[in-house]
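Have a look at the structure below before the remarks.
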Amino acid sequence: MTLDEVKRDQECEIVDITSEGIMGQRLLDMGFIPGTRIKVIRNAPLVDPVEFLLKGYHISLRHSEAKKVEVNLL
Amino acid sequence: MSSKSDKIVVALAGQPNSGKSTIFNMLTGARQHVANYPGVTVEKKTGSFRQDGARIELVDLPGTHSLTSYTLEERIARDFLLNDKPAAVVDVVDASNLERNLYLTFQLAEMDVPLIINLNMMDVAEKRGHKIDTQKLSQELAAPVVPTVGNKGKGKKQLREAILSTSKKGQAAPFRIDYGDDLEPILDSLEKRLSEETEISSRYPVRWLAVKLMENDEEAQRLVMKYSQKSGVILKSAEEKREAFTLEHKNSPQKVIAITRHQEAQRIVEASVTRKKEITSTLTDRIDQVACNRFSGPLVLVATIYLIYEIAIVQGYRITEYTWPVLAWSRDLIASLLPSEGFIFDPFFRSMPIWVVDGTIAVLNYVPIFLILFALIAILEDTGYMARMAFILDRIFRHFGLHGQSVLPMVIGGLYVGGCAIPGVLACRGMKDEKARIATIMIVPLMNCLAKIPFYVLLIGMFFAAYKGIAMFFIATITIIIALSIAKILNLTVLRKKESAPFVMEMPPYHLPTIQGVLRRCLERTWLFVKKIITIVILVSVIVYVLIYFPGISKEKKTHYISQSDQTQQTFFKKTGKDNPYTGLMTGDNLMEFTRYWRDYKKAKMGAKGKKAKEAIDQEFREKNFQFFKIVKRGKYEVKGEMIKDKHAKKVYDAYKKLSKTTNKLRREIKEETIITSYMGRAGRFIEPLTRWAGFNWRVNIALMSSFAAKESSVATLGGIYQSPPGEKDTLEERIKEKEKGWTPLHVLAIMLFMAMYPPCIPTLLMVRLETGSTKWMLFATFYPMVLGIIIAVLVFTGGNLLGLSGMQAMIAFYILALIFLVLMGLIKREPESS
Ligand SMILES: Nc1nc2c(ncn2[C@@H]2O[C@H](COP(=O)(O)OP(=O)(O)O)[C@@H](O)[C@H]2O)c(=O)[nH]1
Ligand SMILES: [Mg+2]
């Protein structure tokens with residue numbers, strides 16, 4: 001499944017990043033690499049974007065961006 | 001003073017929110033200088049300090065997570081390290097977030113610059129139960145590690161010492177990341193190949209370049225092309241290797257490199273950090289449970305925005321009531337140094353400088369508001385709430401090609417009523433998404449700034465008196481509706497090709513900002529404004545002055561006015577009578593002197609509040625010229641405790657009052673005629689056939705054109721054009737109504753809408769130039785609102801006329817149309833995500 005489908009408070013493990021170019025590099029730079037655990041903290045009041053917890057820091061992505069991250073639920 | 005050669009240049013790098021600015025301030029204190037990196041609008045801060053006799057110049061690099069060539073900030077940081085070759089680099093690392101921060105550290109180390117690792121936020125790390133073995137860390141990274149608590153100034157001395165000793169060594173300790181058995185052989189061979197190109201290897205670290213080529217970094221490829229004859233071969237082989245690698249390992253080298261760096265960071269953190277306890281919920285988490293919550297989040301946001309508006313705009317405006325007298329005083333001071341005024345004609349070297357001073361202080365008047373606004377922005381940035389604002393609002397704004405971060409500039413520009421576009425445009429700084437940033441800069445001036453308000457109030461009071469609230473609401477919200485639509489149109493057209501950054505946004509932990517940091521930033525930005533803007537405002541107001549006052553009235557007219565003035569003076573002397581002892585005091589130049597005395601006295605009296613102040617003024621003027629004083633008091637004054645009624649003085653008073661009234665009337669007529677026959681007046685008449693479709697006559701045209709220099713002057717110019725007839729003290733509203741009998745609310749609606757779209761004032765345009773770094777954008781920001789304003793005004797006026805709508809009906813119809821248009825624009829899909 002992809003990261004945008006993960007529900008609030010669920011935790012998962014990143015499997016792969018499917019976007020390339022600037023977006024892919026940005027995700028890699030921010031630590032979205034295979035094997036990393038990531039947790040959905042909350043949706044913004046209007047659902048999008050979503051806040052995640054990853055390696056001890058908080059980061060928010062739009063759904064369209066989270067779609068490019070493949071994950072496995074833990 | 002030290003010469004340039006013994007200055008040691010050191011760069012400060014780090015990820016955003018690591019406390020880089022705080023460390024910069026801690027190290028350099030007050031000795032700072034702000035400029036831009038050449039050719040771009042990114043701020044370059046330099047500061048210096050002395051350490052053991054050496055002068056160290058610290059350059060603050062943009063805060064970046066990485067050092068790719070994808071974003072402007074990263075390119076700037078990288079280019080500085082490559083080309084300016086600083087003696088050392090201080091890497092500010094957030095100790096509570098060590099693993100992610102090391103990712104940048106590695107990339108700095110790979111660039112072969114001598115590094116100092118500054119472990120900042122040690123207090124936060126400790127609070128979270130992280131114990132960092134700095135020695136072990138230093139060993140792993142082959143660089144000195146200095147812990148600090150930036151906001152407390154802890155560790156300053158040690159950091160300074162480490163900077164000096166490292167930069168003296170002059171050579172980077174060898175450091176390399178092992179990218180694994182699959183990639184290393186490829187990197188090796190590339191490295192060897194690159195070493196053969198002396199033009200390249202003498203300039204750049206070849207290992208770094210090899211890694212970058214495998215990452216498919218465009219800038220790195222450009223460097224090879226620039227300095228190697230055989231770049232074609234090298235780049236081609238790099239590309240083949242990249243592709244072969246990807247095919248074989250089902251993963252691009254780019255990914256493998258990033259993964260390896262993160263793994264290495266993880267390894268080092270595991271080796272050097274022990275976690276005493278696992279913190280489950282930090283204070284930040286608890287705050288965000290409220291601040292980002294689906295129900296309370298928007299409330300907190302609205303409250304914050306309201307608070308900004310209330311403190312900066314409302315209270316700030318109140319402060320200007322105290323600062324204004326200071327400005328007015330300095331204006332009077334300057335006026336007193338200029339050639340003195342004439343009876344009906346003022347010399348050029350008086351009226352021109354005064355005009356310029358008036359224009360300048362009209363802008364300076366807003367400085368208190370700027371100071372407060374900039375301080376509040378700094379607080380929002382430093383606490384970390386800015387990221388939350390963007391988080392909450394992004395969904396709405398991105399439908400229109402904007403970003404969650406666009407809200408702050410819009411609020412400052414006057415999202416509801418009253419703001420200022422100048423700090424609004426400046427607040428767009430720091431928006432990462434270039435496309436959204438430019439779009440925001442372009443629409444901020446459409447907001448309702450403070451100077452537009454009096455204009456609306458005047459016209460609404462006249463023509464929509466029964467629906468004041470509704471009309472004000474209309475004008476306040478229609479601008480947002482139009483602005484959002486415009487943003488989307490720009491996004492789909494002129495901004496199409498601009499770089500759009502991914503949203504990916506860190507939500508940093510909340511921090512208490514330091515007072516010093518906030519003050520410094522708000523003073524810095526205000527100073528930047530004053531410095532950049534004022535000179536140009538002066539220049540432009542000279543030009544506008546010429547346009548409004550030249551070529552001036554004809555010679556015949558001039559003699560006509562002079563003879564009229566002479567006549568009234570003769571009448572004055574006839575009335576006072578020859579045997580009046582005061583008449584002698586008023587002849588020749590004395591009449592002018594008395595005129596000045598009279599004007600000063602009236603003005604002083606008007607400004608004085610309370611009995612005491614009035615008495616003090618009387619005393620002052622009495623001492624200045626007792627004879628004149630008798631006259632201005634209408635012959636009633638005190639001598640040695642006795643009230644005297646002086647008939648002669650009263651007679652002069654009455655006669656002079658008449659003289660003054662006629663003179664003022666002449667002055668007004670001259671001014672009106674000057675404006676009407678001026679270049680601006682001619683232009684106003686010239687375009688009248690066109691603007692008729694929008695319901696504007698030439699008088700309105702002039703008022704609108706002259707308000708280009710500063711919107712404050714729109715009401716003032718109207719006041720100048722619609723002079724009150726002599727002897728009657730009509731309000732401006734009554735005067736306009738009398739001269740413009742044909743005006744309907746429809747006319748006024750069109751004018752107000754045009755004013756709402758009106759081009760930004762000149763200071764704002766300069767800000768646009770500064771922040772976009774492009775004259776083209778400045779010109780665009782000047783002309784598109786004009787075209788837009790005319791289209792809207794014609795639509796409303798001519799359309800409303802054809803349909804036979806009343807002002808209110810047209811208002812409602814236009815509002816609905818605009819709303820529909822907005823929704824349609826919001827629904828248009830954004831161009832496919834570049835993936
Ligand atoms: N607790 C703590 N806060 C700090 C420290 N250094 C900086 N800060 C705060 O962190 C916030 C962000 O700092 P700033 O220097 O603007 O970060 P930058 O984005 O890297 O420039 C500010 O509110 C600072 O006052 C530190 O060592 N400890
Ligand atoms: Mg900073």
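The chains in the structure tokens are called A, B, ... from first to last as shown; in each chain the residues are counted from 1, and the ligands are counted from 1 in the order shown.
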
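For Asp4 in chain A, the non-local neighbours within 12 Å, defined as residues at least 6 positions apart in the same chain or in other chains and counting only C-alpha atoms, are Gln10, Cys12, Ile38, Lys39, Val40, Arg42, Asn43, Val47, Asp48, Pro49, Val50, Glu51, Phe52, Ser60, Leu61, Arg62, His63, Ser64, Glu65, Ala66, Lys67, Lys68, Val69, Glu70, Val71 and Asn72 of chain A.
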
Write out as a VMD selection string which residues come within 10 Å of Lys156 in chain B when counting only C-alpha atoms, dropping same-chain ones fewer than 4 positions away. chain B and resid 23 26 to 27 146 to 150 152 160 to 162

Writing out the chosen residues with C-alpha atoms as a short mmCIF file (atom, residue, chain, number, x, y, z; two decimals), in the first residue's frame:
data_model
loop_
_atom_site.label_atom_id
_atom_site.label_comp_id
_atom_site.auth_asym_id
_atom_site.auth_seq_id
_atom_site.Cartn_x
_atom_site.Cartn_y
_atom_site.Cartn_z
CA ILE B 23 24.52 30.65 16.70
CA MET B 26 25.91 34.44 19.35
CA LEU B 27 29.25 34.34 17.56
CA VAL B 146 31.55 21.57 20.29
CA PRO B 147 28.29 21.44 22.26
CA THR B 148 26.30 24.66 22.70
CA VAL B 149 22.98 25.99 23.88
CA GLY B 150 22.52 28.81 21.42
CA LYS B 152 21.59 30.80 26.35
CA ARG B 160 35.16 30.38 18.79
CA GLU B 161 38.37 28.67 19.81
CA ALA B 162 37.56 25.59 17.76
#

Give one line per residue of chain B that approaches ligand 1 to at most 7 Å, naming the two atoms of the closest pair and their distance in Å to one decimal, counting only C-alpha atoms and all ligand atoms; sort by chain then ascending residue number and deliver it as JSON lines.
{"residue": "B:Gly14", "atom": "CA", "partner": "ligand 1", "partner_atom_place_in_ligand_line": "20 (O)", "distance": 6.8}
{"residue": "B:Gln15", "atom": "CA", "partner": "ligand 1", "partner_atom_place_in_ligand_line": "20 (O)", "distance": 6.3}
{"residue": "B:Pro16", "atom": "CA", "partner": "ligand 1", "partner_atom_place_in_ligand_line": "19 (O)", "distance": 4.3}
{"residue": "B:Asn17", "atom": "CA", "partner": "ligand 1", "partner_atom_place_in_ligand_line": "19 (O)", "distance": 3.4}
{"residue": "B:Ser18", "atom": "CA", "partner": "ligand 1", "partner_atom_place_in_ligand_line": "20 (O)", "distance": 4.0}
{"residue": "B:Gly19", "atom": "CA", "partner": "ligand 1", "partner_atom_place_in_ligand_line": "17 (O)", "distance": 3.3}
{"residue": "B:Lys20", "atom": "CA", "partner": "ligand 1", "partner_atom_place_in_ligand_line": "20 (O)", "distance": 3.6}
{"residue": "B:Ser21", "atom": "CA", "partner": "ligand 1", "partner_atom_place_in_ligand_line": "15 (O)", "distance": 3.6}
{"residue": "B:Thr22", "atom": "CA", "partner": "ligand 1", "partner_atom_place_in_ligand_line": "15 (O)", "distance": 3.7}
{"residue": "B:Ile23", "atom": "CA", "partner": "ligand 1", "partner_atom_place_in_ligand_line": "15 (O)", "distance": 6.4}
{"residue": "B:Gly63", "atom": "CA", "partner": "ligand 1", "partner_atom_place_in_ligand_line": "20 (O)", "distance": 6.4}
{"residue": "B:Asn120", "atom": "CA", "partner": "ligand 1", "partner_atom_place_in_ligand_line": "27 (O)", "distance": 4.8}
{"residue": "B:Met121", "atom": "CA", "partner": "ligand 1", "partner_atom_place_in_ligand_line": "27 (O)", "distance": 3.2}
{"residue": "B:Met122", "atom": "CA", "partner": "ligand 1", "partner_atom_place_in_ligand_line": "27 (O)", "distance": 5.8}
{"residue": "B:Asp123", "atom": "CA", "partner": "ligand 1", "partner_atom_place_in_ligand_line": "28 (N)", "distance": 5.7}
{"residue": "B:Val124", "atom": "CA", "partner": "ligand 1", "partner_atom_place_in_ligand_line": "1 (N)", "distance": 5.5}
{"residue": "B:Thr148", "atom": "CA", "partner": "ligand 1", "partner_atom_place_in_ligand_line": "27 (O)", "distance": 6.0}
{"residue": "B:Val149", "atom": "CA", "partner": "ligand 1", "partner_atom_place_in_ligand_line": "27 (O)", "distance": 3.3}
{"residue": "B:Gly150", "atom": "CA", "partner": "ligand 1", "partner_atom_place_in_ligand_line": "27 (O)", "distance": 3.9}
{"residue": "B:Asn151", "atom": "CA", "partner": "ligand 1", "partner_atom_place_in_ligand_line": "5 (C)", "distance": 4.6}
{"residue": "B:Lys152", "atom": "CA", "partner": "ligand 1", "partner_atom_place_in_ligand_line": "27 (O)", "distance": 6.9}
{"residue": "B:Asp382", "atom": "CA", "partner": "ligand 1", "partner_atom_place_in_ligand_line": "23 (O)", "distance": 4.1}
{"residue": "B:Thr383", "atom": "CA", "partner": "ligand 1", "partner_atom_place_in_ligand_line": "23 (O)", "distance": 5.1}
{"residue": "B:His511", "atom": "CA", "partner": "ligand 1", "partner_atom_place_in_ligand_line": "23 (O)", "distance": 4.5}
{"residue": "B:Leu512", "atom": "CA", "partner": "ligand 1", "partner_atom_place_in_ligand_line": "23 (O)", "distance": 4.9}
{"residue": "B:Pro513", "atom": "CA", "partner": "ligand 1", "partner_atom_place_in_ligand_line": "23 (O)", "distance": 3.4}
{"residue": "B:Thr514", "atom": "CA", "partner": "ligand 1", "partner_atom_place_in_ligand_line": "25 (O)", "distance": 4.8}

Mind listing the alpha helix (DSSP H) residues of chain A, per DSSP on the backbone, as a list in words? Gly21, Ile22, Met23, Gly24, Gln25, Arg26, Leu27, Leu28, Asp29, His63, Ser64, Glu65 and Ala66 of chain A

Using only C-alpha atoms, which protein or nucleic acid residues come within 8 Å of range 176-181 of chain B? Drop anything in the same chain fewer than 4 positions from it, and give the result as a list in words.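 Result of the neighbour search: Phe106, Ala109, Glu110, Pro185, Val256, Ile257, Thr260, Arg261 and Glu264 of chain B.
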
Going by DSSP on the backbone, which residues of range 20-199 of chain B come out as strand (DSSP E)? List them as a PyMOL selection string. chain B and resi 32-36+43-51+54-60+88-94+115-120+130-132+145-147

Shell of 10 Å around range 493-495 of chain B, only C-alpha atoms, local chain residues under 6 positions omitted, as a tab-separated table (two decimals) with N, CA, C and O atoms, in the first residue's frame:
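The resulting out_22.tsv:
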chain	number	residue	atom	x	y	z
B	401	GLY	N	-2.97	27.77	-6.65
B	401	GLY	CA	-1.56	27.91	-7.01
B	401	GLY	C	-0.75	28.61	-5.94
B	401	GLY	O	0.34	29.09	-6.21
B	434	GLU	N	8.95	28.53	-5.13
B	434	GLU	CA	9.18	29.75	-5.89
B	434	GLU	C	7.93	30.20	-6.66
B	434	GLU	O	7.60	31.37	-6.73
B	435	LYS	N	7.24	29.23	-7.21
B	435	LYS	CA	6.04	29.53	-7.99
B	435	LYS	C	4.98	30.19	-7.12
B	435	LYS	O	4.42	31.23	-7.46
B	436	ALA	N	4.73	29.59	-5.98
B	436	ALA	CA	3.74	30.14	-5.06
B	436	ALA	C	4.22	31.46	-4.49
B	436	ALA	O	3.42	32.37	-4.23
B	438	ILE	N	6.14	33.81	-5.96
B	438	ILE	CA	5.92	34.89	-6.92
B	438	ILE	C	4.42	35.21	-7.01
B	438	ILE	O	4.01	36.38	-7.02
B	439	ALA	N	3.59	34.16	-7.06
B	439	ALA	CA	2.15	34.40	-7.15
B	439	ALA	C	1.68	35.21	-5.95
B	439	ALA	O	0.89	36.15	-6.08
B	487	ALA	N	-4.36	34.69	-8.72
B	487	ALA	CA	-3.24	33.80	-8.41
B	487	ALA	C	-3.32	32.55	-9.27
B	487	ALA	O	-2.32	32.10	-9.83

Distance table requested - chain A against chain B, cut-off 7 Å, only C-alpha atoms: one row per qualifying residue with the closest atom pair and its distance in Å to one decimal, ordered by chain and rising residue number, as JSON lines.
{"residue": "A:Ser19", "atom": "CA", "partner": "B:Ser835", "partner_atom": "CA", "distance": 5.3}
{"residue": "A:Glu20", "atom": "CA", "partner": "B:Ser835", "partner_atom": "CA", "distance": 5.6}
{"residue": "A:Gly21", "atom": "CA", "partner": "B:Ser835", "partner_atom": "CA", "distance": 6.4}
{"residue": "A:Ile22", "atom": "CA", "partner": "B:Tyr70", "partner_atom": "CA", "distance": 6.1}
{"residue": "A:Met23", "atom": "CA", "partner": "B:Pro502", "partner_atom": "CA", "distance": 5.9}
{"residue": "A:Leu28", "atom": "CA", "partner": "B:Ala258", "partner_atom": "CA", "distance": 6.1}
{"residue": "A:Asp29", "atom": "CA", "partner": "B:Ser66", "partner_atom": "CA", "distance": 6.2}
{"residue": "A:Gly31", "atom": "CA", "partner": "B:His262", "partner_atom": "CA", "distance": 6.9}
{"residue": "A:Ile33", "atom": "CA", "partner": "B:Ile259", "partner_atom": "CA", "distance": 6.1}
{"residue": "A:Ala44", "atom": "CA", "partner": "B:Ile392", "partner_atom": "CA", "distance": 5.4}
{"residue": "A:Pro45", "atom": "CA", "partner": "B:Arg294", "partner_atom": "CA", "distance": 4.0}
{"residue": "A:Leu46", "atom": "CA", "partner": "B:Arg395", "partner_atom": "CA", "distance": 6.5}
{"residue": "A:Asp48", "atom": "CA", "partner": "B:Arg395", "partner_atom": "CA", "distance": 5.9}
{"residue": "A:Pro49", "atom": "CA", "partner": "B:Phe391", "partner_atom": "CA", "distance": 6.6}
{"residue": "A:His58", "atom": "CA", "partner": "B:Met507", "partner_atom": "CA", "distance": 5.2}
{"residue": "A:Ile59", "atom": "CA", "partner": "B:Glu506", "partner_atom": "CA", "distance": 4.3}
{"residue": "A:Ser60", "atom": "CA", "partner": "B:Met505", "partner_atom": "CA", "distance": 5.3}
{"residue": "A:Leu61", "atom": "CA", "partner": "B:Val504", "partner_atom": "CA", "distance": 4.9}
{"residue": "A:Arg62", "atom": "CA", "partner": "B:Phe503", "partner_atom": "CA", "distance": 6.7}

Find the residue from B:Leu307, B:Leu373, B:Leu283, B:Ala362 that sits nearest to Leu327 in chain B; use only C-alpha atoms when measuring.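 Under the stated criterion, the closest residue is B:Ala362.
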
Which residues are close to Leu73 in chain A, i.e. within 12 Å by only C-alpha atoms, leaving aside same-chain residues fewer than 6 positions away? Reply as a PyMOL selection string. chain A and resi 1-3+5-7+9-15+35-40

Would you pick out the contacts of Leu753 in chain B at 8 Å or less, using only C-alpha atoms, so that residues sharing its chain but fewer than 2 positions from it are not included, and give the list as a VMD selection string? chain B and resid 475 749 to 751 755 to 757 789 792 to 793

Kindly save the residues from that selection, with C-alpha atoms included, as a PDB file, in the first residue's frame.
ATOM      1  CA  ILE B 475     -15.019  45.722  -0.795  1.00  0.00           C
ATOM      2  CA  LEU B 749     -18.821  51.255  -7.344  1.00  0.00           C
ATOM      3  CA  ALA B 750     -16.698  51.239 -10.485  1.00  0.00           C
ATOM      4  CA  ILE B 751     -14.267  53.725  -8.985  1.00  0.00           C
ATOM      5  CA  MET B 755      -9.059  51.520  -6.564  1.00  0.00           C
ATOM      6  CA  ALA B 756      -9.125  48.029  -5.073  1.00  0.00           C
ATOM      7  CA  MET B 757      -7.225  46.686  -8.072  1.00  0.00           C
ATOM      8  CA  GLY B 789      -9.048  47.356 -12.801  1.00  0.00           C
ATOM      9  CA  ILE B 792     -13.674  45.251 -13.926  1.00  0.00           C
ATOM     10  CA  ALA B 793     -14.730  48.894 -13.786  1.00  0.00           C
TER      11      ALA B 793
END
